[in-house]
$ cat input_23.txt   # compact mmCIF, C-alpha atoms and all ligand atoms
# COMPACT_ATOMS: atom_id res chain seq x y z
CA MET A 386 47.08 -29.25 203.99
CA ASN A 387 44.03 -29.58 206.12
CA ASN A 388 40.54 -29.43 204.73
CA LYS A 389 38.48 -27.63 207.34
CA SER A 390 35.38 -29.26 208.67
CA MET A 391 32.68 -29.40 206.03
CA ASP A 392 29.76 -28.75 208.32
CA HIS A 393 28.61 -25.58 206.59
CA ALA A 394 25.10 -26.16 205.28
CA ARG A 395 24.53 -22.63 203.95
CA ILE A 396 27.26 -20.59 202.36
CA LEU A 397 27.12 -17.06 201.00
CA VAL A 398 29.82 -16.02 198.53
CA VAL A 399 30.15 -12.30 197.78
CA LEU A 400 32.53 -11.31 194.97
CA PRO A 401 32.39 -8.47 192.45
CA HIS A 402 33.34 -10.08 189.12
CA PRO A 403 32.32 -13.09 187.09
CA ASP A 404 35.50 -15.25 187.16
CA ASP A 405 36.48 -14.28 190.73
CA GLU A 406 34.64 -17.41 191.86
CA ALA A 407 36.42 -19.58 189.31
CA TYR A 408 39.94 -18.62 190.16
CA PHE A 409 39.72 -18.25 193.95
CA VAL A 410 36.94 -20.43 195.36
CA SER A 411 35.47 -22.86 192.82
CA GLY A 412 37.27 -25.94 194.19
CA THR A 413 36.30 -25.13 197.77
CA LEU A 414 32.69 -24.54 196.78
CA ALA A 415 32.60 -27.82 194.86
CA MET A 416 33.89 -29.54 197.99
CA TYR A 417 31.21 -28.02 200.22
CA ILE A 418 28.49 -28.69 197.66
CA ALA A 419 29.56 -32.34 197.39
CA ALA A 420 29.11 -32.51 201.17
CA GLY A 421 25.55 -31.17 200.83
CA ALA A 422 25.95 -27.41 201.22
CA GLU A 423 23.61 -24.87 199.63
CA VAL A 424 25.60 -22.05 198.07
CA THR A 425 24.37 -18.58 197.16
CA TYR A 426 26.76 -16.54 195.04
CA ALA A 427 26.13 -12.80 195.06
CA CYS A 428 28.12 -11.39 192.14
CA LEU A 429 28.07 -7.61 192.27
CA THR A 430 28.84 -6.79 188.63
CA LEU A 431 28.96 -8.40 185.20
CA GLY A 432 32.62 -7.55 184.73
CA GLU A 433 31.45 -5.36 181.91
CA MET A 434 34.57 -3.14 182.04
CA GLY A 435 36.98 -6.05 181.57
CA ARG A 436 39.77 -5.71 179.02
CA ASN A 437 39.72 -9.27 177.77
CA MET A 438 37.30 -9.78 174.91
CA GLY A 439 38.35 -13.26 173.84
CA VAL A 440 41.06 -14.58 171.54
CA PRO A 441 40.04 -14.12 168.76
CA LEU A 442 37.92 -11.11 169.75
CA ILE A 443 34.32 -12.16 170.33
CA ALA A 444 33.10 -9.15 172.31
CA ASN A 445 33.28 -5.40 172.67
CA ARG A 446 32.44 -2.97 175.44
CA THR A 447 28.77 -3.04 174.46
CA THR A 448 28.31 -6.77 173.99
CA LEU A 449 30.53 -7.85 176.90
CA PRO A 450 27.94 -7.73 179.74
CA ALA A 451 25.58 -10.26 178.17
CA ILE A 452 28.45 -12.51 177.13
CA ARG A 453 29.99 -12.46 180.62
CA GLN A 454 26.61 -13.11 182.24
CA ALA A 455 26.30 -16.29 180.18
CA GLU A 456 29.86 -17.25 181.14
CA LEU A 457 29.06 -16.67 184.82
CA GLU A 458 25.98 -18.87 184.59
CA ALA A 459 28.02 -21.62 182.90
CA SER A 460 30.71 -21.38 185.59
CA CYS A 461 28.12 -21.65 188.39
CA LYS A 462 26.60 -24.67 186.66
CA ALA A 463 30.04 -26.31 186.45
CA ILE A 464 30.59 -25.75 190.18
CA GLY A 465 27.06 -26.77 191.16
CA ILE A 466 26.12 -23.44 192.74
CA GLN A 467 22.38 -23.59 193.36
CA ASP A 468 21.60 -19.89 193.71
CA LEU A 469 23.25 -17.10 191.66
CA ARG A 470 22.31 -13.50 192.43
CA MET A 471 23.51 -10.83 190.05
CA LEU A 472 23.33 -7.61 192.04
CA GLY A 473 23.59 -5.23 189.09
CA PHE A 474 26.31 -2.87 190.27
CA HIS A 475 28.61 -1.26 187.71
CA ASP A 476 32.02 -2.85 187.20
CA LYS A 477 34.98 -0.76 188.49
CA MET A 478 32.64 1.53 190.45
CA ILE A 479 32.07 -0.43 193.69
CA GLU A 480 34.46 1.78 195.68
CA PHE A 481 32.42 4.81 194.62
CA GLU A 482 29.00 3.34 195.42
CA ASP A 483 27.02 4.61 198.37
CA PRO A 484 28.33 2.44 201.26
CA ALA A 485 24.87 2.46 202.84
CA LEU A 486 23.39 0.93 199.67
CA LEU A 487 26.08 -1.75 199.49
CA ASP A 488 25.70 -2.57 203.19
CA GLN A 489 21.94 -2.77 202.90
CA ARG A 490 22.23 -5.29 200.03
CA MET A 491 24.70 -7.35 202.07
CA GLU A 492 22.55 -7.19 205.17
CA SER A 493 19.42 -8.32 203.37
CA LEU A 494 21.27 -11.32 201.92
CA VAL A 495 22.60 -12.33 205.32
CA LYS A 496 19.18 -11.88 206.97
CA GLU A 497 17.47 -13.90 204.25
CA LEU A 498 19.98 -16.73 204.03
CA ALA A 499 21.45 -16.98 207.55
CA PRO A 500 24.67 -18.52 206.24
CA SER A 501 27.14 -20.16 208.61
CA LEU A 502 30.02 -19.24 206.28
CA VAL A 503 30.56 -16.13 204.17
CA ILE A 504 33.35 -16.00 201.59
CA THR A 505 34.61 -12.68 200.21
CA PHE A 506 37.80 -10.71 199.54
CA TYR A 507 40.04 -9.49 202.36
CA PRO A 508 39.71 -5.69 202.22
CA GLY A 509 43.02 -3.99 201.58
CA TYR A 510 44.79 -7.12 200.31
CA SER A 511 42.88 -8.01 197.17
CA VAL A 512 44.50 -5.77 194.52
CA HIS A 513 41.46 -4.70 192.49
CA PRO A 514 39.56 -1.76 194.01
CA ASP A 515 36.27 -3.63 193.43
CA HIS A 516 37.62 -6.61 195.40
CA ASP A 517 38.67 -4.44 198.33
CA ALA A 518 35.41 -2.46 198.33
CA THR A 519 33.30 -5.61 198.16
CA GLY A 520 35.19 -7.20 201.04
CA ALA A 521 34.91 -3.99 203.03
CA ALA A 522 31.12 -3.90 202.58
CA VAL A 523 30.81 -7.50 203.76
CA ILE A 524 33.08 -6.91 206.75
CA ARG A 525 31.23 -3.72 207.77
CA THR A 526 27.93 -5.56 207.61
CA MET A 527 29.22 -8.54 209.57
CA ALA A 528 30.81 -6.30 212.19
CA ARG A 529 27.37 -4.85 212.94
CA LEU A 530 25.94 -8.27 213.77
CA PRO A 531 26.08 -9.47 217.37
CA ALA A 532 29.11 -11.77 217.65
CA ALA A 533 26.88 -14.74 218.49
CA GLU A 534 24.95 -14.37 215.22
CA ARG A 535 27.95 -13.61 213.03
CA PRO A 536 28.86 -16.20 210.39
CA VAL A 537 32.46 -17.27 209.95
CA VAL A 538 34.04 -15.08 207.26
CA HIS A 539 36.70 -16.61 205.03
CA SER A 540 38.49 -13.96 203.01
CA VAL A 541 40.75 -14.22 199.98
CA ALA A 542 43.97 -12.16 199.83
CA PHE A 543 46.59 -11.99 197.10
CA SER A 544 48.19 -8.54 197.02
CA ASN A 545 51.97 -8.37 196.76
CA GLY A 546 53.44 -8.83 200.24
CA HIS A 547 50.10 -9.61 201.93
CA GLN A 548 51.65 -12.38 204.03
CA GLN A 549 53.97 -9.90 205.75
CA ARG A 550 50.91 -7.97 206.93
CA ILE A 551 48.30 -10.63 207.66
CA GLY A 552 50.35 -13.79 208.03
CA ALA A 553 49.69 -17.10 206.38
CA ALA A 554 46.23 -18.32 205.46
CA ASP A 555 44.61 -20.35 208.22
CA ALA A 556 42.19 -22.27 206.00
CA VAL A 557 44.16 -23.98 203.26
CA ILE A 558 41.98 -26.19 201.13
CA ASP A 559 43.28 -29.03 198.99
CA VAL A 560 40.94 -28.88 196.01
CA THR A 561 42.70 -31.47 193.87
CA PRO A 562 39.72 -33.88 194.23
CA PHE A 563 37.69 -31.18 192.44
CA ILE A 564 40.36 -29.99 190.00
CA THR A 565 38.29 -30.80 186.92
CA VAL A 566 35.38 -28.77 188.28
CA LYS A 567 37.73 -25.88 188.95
CA ILE A 568 39.24 -25.96 185.47
CA ASN A 569 35.76 -26.20 183.91
CA SER A 570 34.69 -23.19 185.96
CA ILE A 571 37.72 -21.20 184.80
CA LEU A 572 37.27 -22.19 181.15
CA ALA A 573 33.57 -21.26 181.29
CA HIS A 574 34.84 -17.67 181.28
CA ARG A 575 36.04 -18.02 177.74
CA THR A 576 36.49 -14.33 176.99
CA GLN A 577 38.80 -14.15 180.02
CA PHE A 578 40.75 -17.41 179.95
CA GLN A 579 41.84 -19.38 176.91
CA GLU A 580 42.30 -23.12 177.17
CA ASP A 581 45.78 -23.05 175.64
CA LYS A 582 46.93 -20.59 178.32
CA VAL A 583 45.26 -22.42 181.24
CA LEU A 584 46.07 -25.99 180.32
CA GLY A 585 48.57 -25.85 177.47
CA SER A 586 48.55 -29.40 176.18
CA LEU A 587 47.87 -30.86 179.64
CA LYS A 588 44.76 -32.39 181.16
CA PRO A 589 43.19 -30.98 184.36
CA THR A 590 44.28 -34.08 186.26
CA ASP A 591 47.94 -33.84 185.24
CA ALA A 592 50.38 -33.16 188.08
CA ALA A 593 51.45 -29.70 186.86
CA ILE A 594 47.84 -28.48 186.71
CA ARG A 595 46.98 -30.07 190.07
CA SER A 596 49.89 -28.30 191.71
CA LYS A 597 49.20 -24.94 190.05
CA TYR A 598 45.45 -24.83 190.71
CA GLY A 599 45.00 -27.39 193.48
CA THR A 600 45.14 -25.18 196.58
CA GLU A 601 42.75 -22.42 197.68
CA ARG A 602 43.68 -20.21 200.63
CA PHE A 603 41.47 -18.30 203.04
CA TRP A 604 42.03 -16.05 205.99
CA THR A 605 39.41 -16.26 208.73
CA TYR A 606 38.53 -12.62 209.36
CA ARG A 607 39.12 -11.59 212.98
CA PHE A 608 36.54 -9.09 214.16
CA PRO A 609 37.55 -6.83 217.02
CA GLU A 610 35.83 -7.98 220.19
CA CYS A 611 33.77 -4.99 221.21
CA LYS A 612 33.05 -5.97 224.80
CA GLU A 613 36.70 -6.02 225.73
CA GLN A 614 37.56 -2.79 223.96
CA PRO A 615 34.82 -0.32 224.82
CA GLU A 616 36.63 2.65 223.28
CA GLU A 617 36.54 0.89 219.91
CA ALA A 618 32.92 -0.07 220.23
CA ALA A 619 31.75 2.91 218.23
CA LEU A 620 34.00 1.85 215.36
CA CYS A 621 33.22 -1.81 215.22
CA CYS A 622 29.74 -2.21 216.64
CA ASN A 623 27.59 0.43 215.02
CA MET B 1240 34.97 -7.47 165.68
CA GLN B 1241 36.79 -6.83 162.43
CA LEU B 1242 39.87 -4.81 161.58
CA ILE B 1243 39.04 -1.21 160.74
CA GLN B 1244 38.60 -0.23 157.09
CA PRO B 1245 39.01 3.54 157.41
CA GLN B 1246 36.85 4.53 154.43
CA ALA B 1247 33.87 2.68 155.89
CA ILE B 1248 34.40 4.31 159.28
CA GLN B 1249 34.58 7.77 157.68
CA THR B 1250 31.15 7.18 156.15
CA ARG B 1251 29.74 6.19 159.54
CA ILE B 1252 31.28 9.28 161.19
CA ASP B 1253 29.77 11.53 158.53
CA ASP B 1254 26.33 9.96 159.08
CA PHE B 1255 26.33 11.15 162.70
CA VAL B 1256 27.29 14.79 162.04
CA SER B 1257 25.07 17.34 163.83
CA GLU B 1258 23.05 14.66 165.61
CA ASP B 1259 22.47 14.38 169.36
CA LEU B 1260 24.59 11.40 170.37
CA TYR B 1261 25.71 9.43 173.39
CA ILE B 1262 29.40 8.65 173.67
CA HIS B 1263 31.35 6.00 175.56
CA LEU B 1264 35.03 6.92 175.59
CA GLU B 1265 37.57 4.86 177.45
CA LEU B 1266 41.31 4.42 177.85
CA THR B 1267 42.79 1.79 180.13
CA ASN B 1268 45.94 -0.15 180.91
CA GLY B 1269 44.07 -2.36 183.34
CA ALA B 1270 43.45 -2.66 187.06
CA TYR B 1271 46.28 -5.15 187.46
CA ALA B 1272 49.00 -3.18 185.63
CA SER B 1273 51.04 -2.32 188.72
CA HIS B 1274 50.23 -5.59 190.52
CA PHE B 1275 52.03 -7.60 187.85
CA ASP B 1276 54.72 -5.01 187.12
CA SER B 1277 55.43 -2.38 189.76
CA SER B 1278 57.20 -0.18 187.21
CA ARG B 1279 53.94 0.30 185.33
CA ALA B 1280 51.84 3.19 186.51
CA PRO B 1281 48.11 2.49 186.39
CA GLY B 1282 46.08 4.77 184.19
CA SER B 1283 42.55 4.56 182.95
CA VAL B 1284 39.55 6.76 182.31
CA PHE B 1285 36.10 6.30 180.97
CA ILE B 1286 33.05 8.41 180.46
CA SER B 1287 29.79 6.71 179.61
CA ASN B 1288 26.66 8.12 178.01
CA ALA B 1289 27.87 11.69 177.85
CA GLU B 1290 25.71 13.66 175.42
CA ILE B 1291 27.60 15.20 172.55
CA ARG B 1292 27.16 16.65 169.08
CA TYR B 1293 29.91 17.21 166.54
CA THR B 1294 30.15 19.39 163.48
CA ASN B 1295 32.75 17.33 161.67
CA GLY B 1296 34.92 14.34 162.32
CA SER B 1297 37.42 12.08 160.66
CA ILE B 1298 39.54 8.98 160.97
CA SER B 1299 43.22 9.20 160.13
CA GLY B 1300 46.47 7.29 160.24
CA THR B 1301 47.54 3.99 158.72
CA GLY B 1302 46.48 1.77 161.61
CA PRO B 1303 46.14 1.77 164.52
CA TYR B 1304 43.87 4.69 163.67
CA ARG B 1305 43.06 8.04 165.24
CA VAL B 1306 39.63 9.64 165.35
CA GLY B 1307 38.97 13.32 166.04
CA LEU B 1308 35.50 14.81 166.41
CA LYS B 1309 35.06 18.59 166.47
CA THR B 1310 32.30 19.60 168.84
CA GLU B 1311 30.70 23.04 169.08
CA LYS B 1312 33.02 24.05 171.95
CA GLY B 1313 35.92 21.57 171.83
CA TRP B 1314 37.24 18.23 170.65
CA ILE B 1315 36.99 14.51 171.22
CA TYR B 1316 40.05 12.44 170.39
CA ALA B 1317 41.05 8.78 170.48
CA GLU B 1318 44.23 7.07 169.31
CA GLY B 1319 45.02 3.38 168.96
CA LEU B 1320 41.80 2.18 167.31
CA THR B 1321 42.11 -1.17 165.55
CA HIS B 1322 38.71 -2.89 165.48
CA VAL B 1323 35.07 -2.18 164.68
CA ASP B 1324 31.91 -4.13 165.46
CA GLU B 1325 30.93 -4.75 161.85
CA GLN B 1326 27.57 -6.25 162.89
CA ASP B 1327 26.31 -3.12 164.63
CA ASN B 1328 24.76 -0.85 162.02
CA GLU B 1329 23.00 1.47 164.46
CA ARG B 1330 25.93 2.38 166.65
CA LEU B 1331 29.58 2.98 165.84
CA ILE B 1332 31.62 0.67 168.09
CA LEU B 1333 35.37 1.25 167.73
CA ALA B 1334 38.04 -0.36 169.89
CA GLY B 1335 41.80 -0.64 170.10
CA HIS B 1336 43.40 -3.86 171.29
CA ASP B 1337 47.00 -4.70 172.13
CA SER B 1338 48.90 -7.72 170.77
CA MET B 1339 47.51 -9.87 173.62
CA GLY B 1340 43.95 -8.97 172.63
CA LYS B 1341 43.37 -6.75 175.66
CA LEU B 1342 41.33 -3.59 175.24
CA ILE B 1343 43.31 -0.35 175.34
CA VAL B 1344 40.86 2.19 174.00
CA ALA B 1345 37.17 2.37 173.10
CA LEU B 1346 35.23 5.05 171.24
CA GLN B 1347 31.53 4.38 170.80
CA LEU B 1348 28.75 6.58 169.43
CA SER B 1349 25.02 5.95 169.54
CA ARG B 1350 21.73 7.79 169.07
CA SER B 1351 20.39 6.08 172.21
CA PRO B 1352 22.15 5.46 175.54
CA PHE B 1353 24.50 2.51 175.89
ZN ZN C 1401 37.87 -9.72 190.14
$ encode --input "input_23.txt" --output "structure tokens" --more "lines below"
Ligand SMILES: [Zn+2]
Amino acid sequence: MNNKSMDHARILVVLPHPDDEAYFVSGTLAMYIAAGAEVTYACLTLGEMGRNMGVPLIANRTTLPAIRQAELEASCKAIGIQDLRMLGFHDKMIEFEDPALLDQRMESLVKELAPSLVITFYPGYSVHPDHDATGAAVIRTMARLPAAERPVVHSVAFSNGHQQRIGAADAVIDVTPFITVKINSILAHRTQFQEDKVLGSLKPTDAAIRSKYGTERFWTYRFPECKEQPEEAALCCN
Amino acid sequence: MQLIQPQAIQTRIDDFVSEDLYIHLELTNGAYASHFDSSRAPGSVFISNAEIRYTNGSISGTGPYRVGLKTEKGWIYAEGLTHVDEQDNERLILAGHDSMGKLIVALQLSRSPF
């Protein structure tokens, strides 16, 4: 495993659901933050259509948004994320949102923050329609930027058989030094993850937990190079 | 959330008869159903804040429970209801959960939008 260079000072994370950050990127973010990075997390929804309401039940469809917002804030605090933006879109509905509205929200974040690294889902390989639609909005927005101004995009993929289509991840991060942060981030989402299921009787630092949760994988998104493929310019440049 | 006591729910249903109401009605087996088990077909629907009015309604079964509401031109139906938000006295919040605690069905009525 190779931890990529940690020279990203400003990172923008764009994911649709509270808990996406915990499971997929919390260890990596903790690593960057420990190295001095400023992280903005744009979370599109409050996960208010989730099916998990806690064990025992502590929520219902009506009370879930406020409960999950508090969980999201606790997770960000555990990771050390300095800037959480809740964008207020409706859970499950991202794929039906006006693409122009989504793109405009993405563009204004990128213009404001000028991140050197953007982390999102890999469109088409992220299982949940909200994941794919969120990744697609980020990729569309990035594709419109001149290549010289475009941040690096690290995308998360986990659909069945994704490796046959997009190969192996090229940024494989060993997050075991931050495993306790990651577990705390996951457990902050207490309606979604119960401690007995995540840890059993183990501690975060035990070998079985380190091996199960200790690696985060990213695919560097390859944007088509417009200059060399003029016939595709209309698709990828504007 | 508490387990449904059907007599109490019947009283709440009767209280809403002939009133202008907002309904949230939902059925889901989850966005990850076919990711984890390819033999499971995904299926879910919801409608939120539709305006309705019913002339009579009732809860039936021995648990999980069914609720049927007769509207002026049709019906509203939900099966699999197990729990109620006992702390919400303004709105009727009914839900059905599976043995893992995951939501399967929700039927919610309110005089103001959710
Ligand atoms: Zn998600």
$ interface_residues --input "input_23.txt" --of "chain A" --to "chain B" --cutoff "9 Å" --atoms "only C-alpha atoms" --output "mmCIF file with C-alpha atoms, keeping the file's coordinate frame"
data_model
loop_
_atom_site.group_PDB
_atom_site.id
_atom_site.type_symbol
_atom_site.label_atom_id
_atom_site.label_comp_id
_atom_site.auth_asym_id
_atom_site.auth_seq_id
_atom_site.Cartn_x
_atom_site.Cartn_y
_atom_site.Cartn_z
ATOM 1 C CA GLY A 435 36.980 -6.050 181.570
ATOM 2 C CA ARG A 436 39.770 -5.710 179.020
ATOM 3 C CA ASN A 437 39.720 -9.270 177.770
ATOM 4 C CA MET A 438 37.300 -9.780 174.910
ATOM 5 C CA GLY A 439 38.350 -13.260 173.840
ATOM 6 C CA VAL A 440 41.060 -14.580 171.540
ATOM 7 C CA PRO A 441 40.040 -14.120 168.760
ATOM 8 C CA LEU A 442 37.920 -11.110 169.750
ATOM 9 C CA ILE A 443 34.320 -12.160 170.330
ATOM 10 C CA ALA A 444 33.100 -9.150 172.310
ATOM 11 C CA ASN A 445 33.280 -5.400 172.670
ATOM 12 C CA ARG A 446 32.440 -2.970 175.440
ATOM 13 C CA THR A 447 28.770 -3.040 174.460
ATOM 14 C CA LYS A 477 34.980 -0.760 188.490
ATOM 15 C CA VAL A 512 44.500 -5.770 194.520
ATOM 16 C CA HIS A 513 41.460 -4.700 192.490
ATOM 17 C CA PRO A 514 39.560 -1.760 194.010
ATOM 18 C CA SER A 544 48.190 -8.540 197.020
ATOM 19 C CA ASN A 545 51.970 -8.370 196.760
#
$ closest_residue --input "input_23.txt" --among "A:Ile452, A:Met434, A:Ile564, A:Ala499" --to "Ala593 (chain A)" --atoms "only C-alpha atoms"
A:Ile564
$ closest_residue --input "input_23.txt" --among "A:Glu458, A:Glu480, A:Asp517, A:Asp392" --to "ligand ZN 1401 (chain C)" --atoms "only C-alpha atoms and all ligand atoms"
A:Asp517
$ residues_near_ligand --input "input_23.txt" --ligand "ligand ZN 1401 (chain C)" --cutoff "12 Å" --atoms "all atoms listed in the file" --output "MDAnalysis selection string"
(chainID A and resid 399:410 428:436 476:477 479 505:506 511:520 541:543 577) or (chainID B and resid 1269:1271)
$ residues_near_point --input "input_23.txt" --point "(34.1, 15.5, 172.3)" --cutoff "10 Å" --atoms "only C-alpha atoms" --output "list in words"
Ile1262, Leu1264, Ala1289, Glu1290, Ile1291, Arg1292, Tyr1293, Gly1307, Leu1308, Lys1309, Thr1310, Glu1311, Lys1312, Gly1313, Trp1314, Ile1315, Tyr1316 and Ala1317 of chain B
$ atom_distance --input "input_23.txt" --atom1 "CA of Leu587 (chain A)" --atom2 "CA of Gln454 (chain A)"
27.8 Å
$ residues_near_point --input "input_23.txt" --point "(41.7, 2.2, 157.0)" --cutoff "7 Å" --atoms "all atoms listed in the file" --output "list in words"
Ile1243, Gln1244, Pro1245, Gln1246, Thr1301 and Gly1302 of chain B
$ write_last_selection --input "input_23.txt" --atoms "C-alpha atoms" --output "short mmCIF file (atom, residue, chain, number, x, y, z; two decimals), in the frame of the given file"
data_model
loop_
_atom_site.label_atom_id
_atom_site.label_comp_id
_atom_site.auth_asym_id
_atom_site.auth_seq_id
_atom_site.Cartn_x
_atom_site.Cartn_y
_atom_site.Cartn_z
CA ILE B 1243 39.04 -1.21 160.74
CA GLN B 1244 38.60 -0.23 157.09
CA PRO B 1245 39.01 3.54 157.41
CA GLN B 1246 36.85 4.53 154.43
CA THR B 1301 47.54 3.99 158.72
CA GLY B 1302 46.48 1.77 161.61
#
$ closest_residue --input "input_23.txt" --among "B:Ser1338, B:Ser1297, B:Ser1351, B:Thr1321" --to "Asp1254 (chain B)" --atoms "all atoms listed in the file"
B:Ser1297
$ atom_distance --input "input_23.txt" --atom1 "CA of Ile466 (chain A)" --atom2 "CA of Val424 (chain A)"
5.5 Å
$ atom_distance --input "input_23.txt" --atom1 "CA of Tyr507 (chain A)" --atom2 "CA of Ala394 (chain A)"
22.6 Å
$ closest_residue --input "input_23.txt" --among "A:Phe578, A:Phe608, A:Phe603, A:Phe474" --to "Pro536 (chain A)" --atoms "only C-alpha atoms"
A:Phe608
$ residues_around --input "input_23.txt" --residues "His539 (chain A)" --least-positions-apart "6" --cutoff "7 Å" --atoms "only C-alpha atoms" --output "ChimeraX atom specification"
/A:503-505,603-606
$ closest_residue --input "input_23.txt" --among "A:Arg595, A:Arg607, A:Arg525, A:Arg453" --to "Val566 (chain A)" --atoms "only C-alpha atoms"
A:Arg595
$ axis_aligned_box --input "input_23.txt" --around "region 457-464 of chain A" --padding-each-side "6 Å" --output "AutoDock Vina command-line options"
--center_x 28.3 --center_y -21.5 --center_z 186.5 --size_x 16.7 --size_y 21.6 --size_z 19.3
$ closest_residue --input "input_23.txt" --among "B:Gly1319, B:Ser1278, B:Tyr1261, B:Thr1294" --to "Val1306 (chain B)" --atoms "only C-alpha atoms"
B:Gly1319
$ build_atoms --input "input_23.txt" --residues "region 1331-1348 of chain B" --atoms "N, CA and C atoms" --output "mmCIF file, in the frame of the given file"
data_model
loop_
_atom_site.group_PDB
_atom_site.id
_atom_site.type_symbol
_atom_site.label_atom_id
_atom_site.label_comp_id
_atom_site.auth_asym_id
_atom_site.auth_seq_id
_atom_site.Cartn_x
_atom_site.Cartn_y
_atom_site.Cartn_z
ATOM 1 N N LEU B 1331 28.199 3.133 166.307
ATOM 2 C CA LEU B 1331 29.580 2.980 165.840
ATOM 3 C C LEU B 1331 30.424 2.525 167.032
ATOM 4 N N ILE B 1332 30.879 1.279 166.994
ATOM 5 C CA ILE B 1332 31.620 0.670 168.090
ATOM 6 C C ILE B 1332 33.059 0.480 167.634
ATOM 7 N N LEU B 1333 33.952 1.342 168.098
ATOM 8 C CA LEU B 1333 35.370 1.250 167.730
ATOM 9 C C LEU B 1333 36.184 0.889 168.971
ATOM 10 N N ALA B 1334 37.200 0.067 168.780
ATOM 11 C CA ALA B 1334 38.040 -0.360 169.890
ATOM 12 C C ALA B 1334 39.474 -0.494 169.420
ATOM 13 N N GLY B 1335 40.391 -0.371 170.375
ATOM 14 C CA GLY B 1335 41.800 -0.640 170.100
ATOM 15 C C GLY B 1335 42.285 -1.717 171.042
ATOM 16 N N HIS B 1336 42.910 -2.740 170.487
ATOM 17 C CA HIS B 1336 43.400 -3.860 171.290
ATOM 18 C C HIS B 1336 44.900 -3.994 171.131
ATOM 19 N N ASP B 1337 45.566 -4.463 172.217
ATOM 20 C CA ASP B 1337 47.000 -4.700 172.130
ATOM 21 C C ASP B 1337 47.269 -6.092 171.526
ATOM 22 N N SER B 1338 48.548 -6.458 171.456
ATOM 23 C CA SER B 1338 48.900 -7.720 170.770
ATOM 24 C C SER B 1338 48.400 -8.935 171.536
ATOM 25 N N MET B 1339 48.070 -8.761 172.838
ATOM 26 C CA MET B 1339 47.510 -9.870 173.620
ATOM 27 C C MET B 1339 45.995 -9.950 173.482
ATOM 28 N N GLY B 1340 45.404 -8.997 172.769
ATOM 29 C CA GLY B 1340 43.950 -8.970 172.630
ATOM 30 C C GLY B 1340 43.247 -8.154 173.689
ATOM 31 N N LYS B 1341 44.001 -7.524 174.591
ATOM 32 C CA LYS B 1341 43.370 -6.750 175.660
ATOM 33 C C LYS B 1341 42.970 -5.368 175.153
ATOM 34 N N LEU B 1342 41.818 -4.906 175.631
ATOM 35 C CA LEU B 1342 41.330 -3.590 175.240
ATOM 36 C C LEU B 1342 42.251 -2.491 175.769
ATOM 37 N N ILE B 1343 42.561 -1.528 174.921
ATOM 38 C CA ILE B 1343 43.310 -0.350 175.340
ATOM 39 C C ILE B 1343 42.413 0.882 175.291
ATOM 40 N N VAL B 1344 41.630 0.976 174.228
ATOM 41 C CA VAL B 1344 40.860 2.190 174.000
ATOM 42 C C VAL B 1344 39.518 1.815 173.381
ATOM 43 N N ALA B 1345 38.481 2.565 173.721
ATOM 44 C CA ALA B 1345 37.170 2.370 173.100
ATOM 45 C C ALA B 1345 36.568 3.738 172.801
ATOM 46 N N LEU B 1346 35.975 3.847 171.626
ATOM 47 C CA LEU B 1346 35.230 5.050 171.240
ATOM 48 C C LEU B 1346 33.930 4.570 170.616
ATOM 49 N N GLN B 1347 32.824 4.893 171.251
ATOM 50 C CA GLN B 1347 31.530 4.380 170.800
ATOM 51 C C GLN B 1347 30.522 5.524 170.720
ATOM 52 N N LEU B 1348 29.764 5.539 169.638
ATOM 53 C CA LEU B 1348 28.750 6.580 169.430
ATOM 54 C C LEU B 1348 27.410 5.916 169.151
#
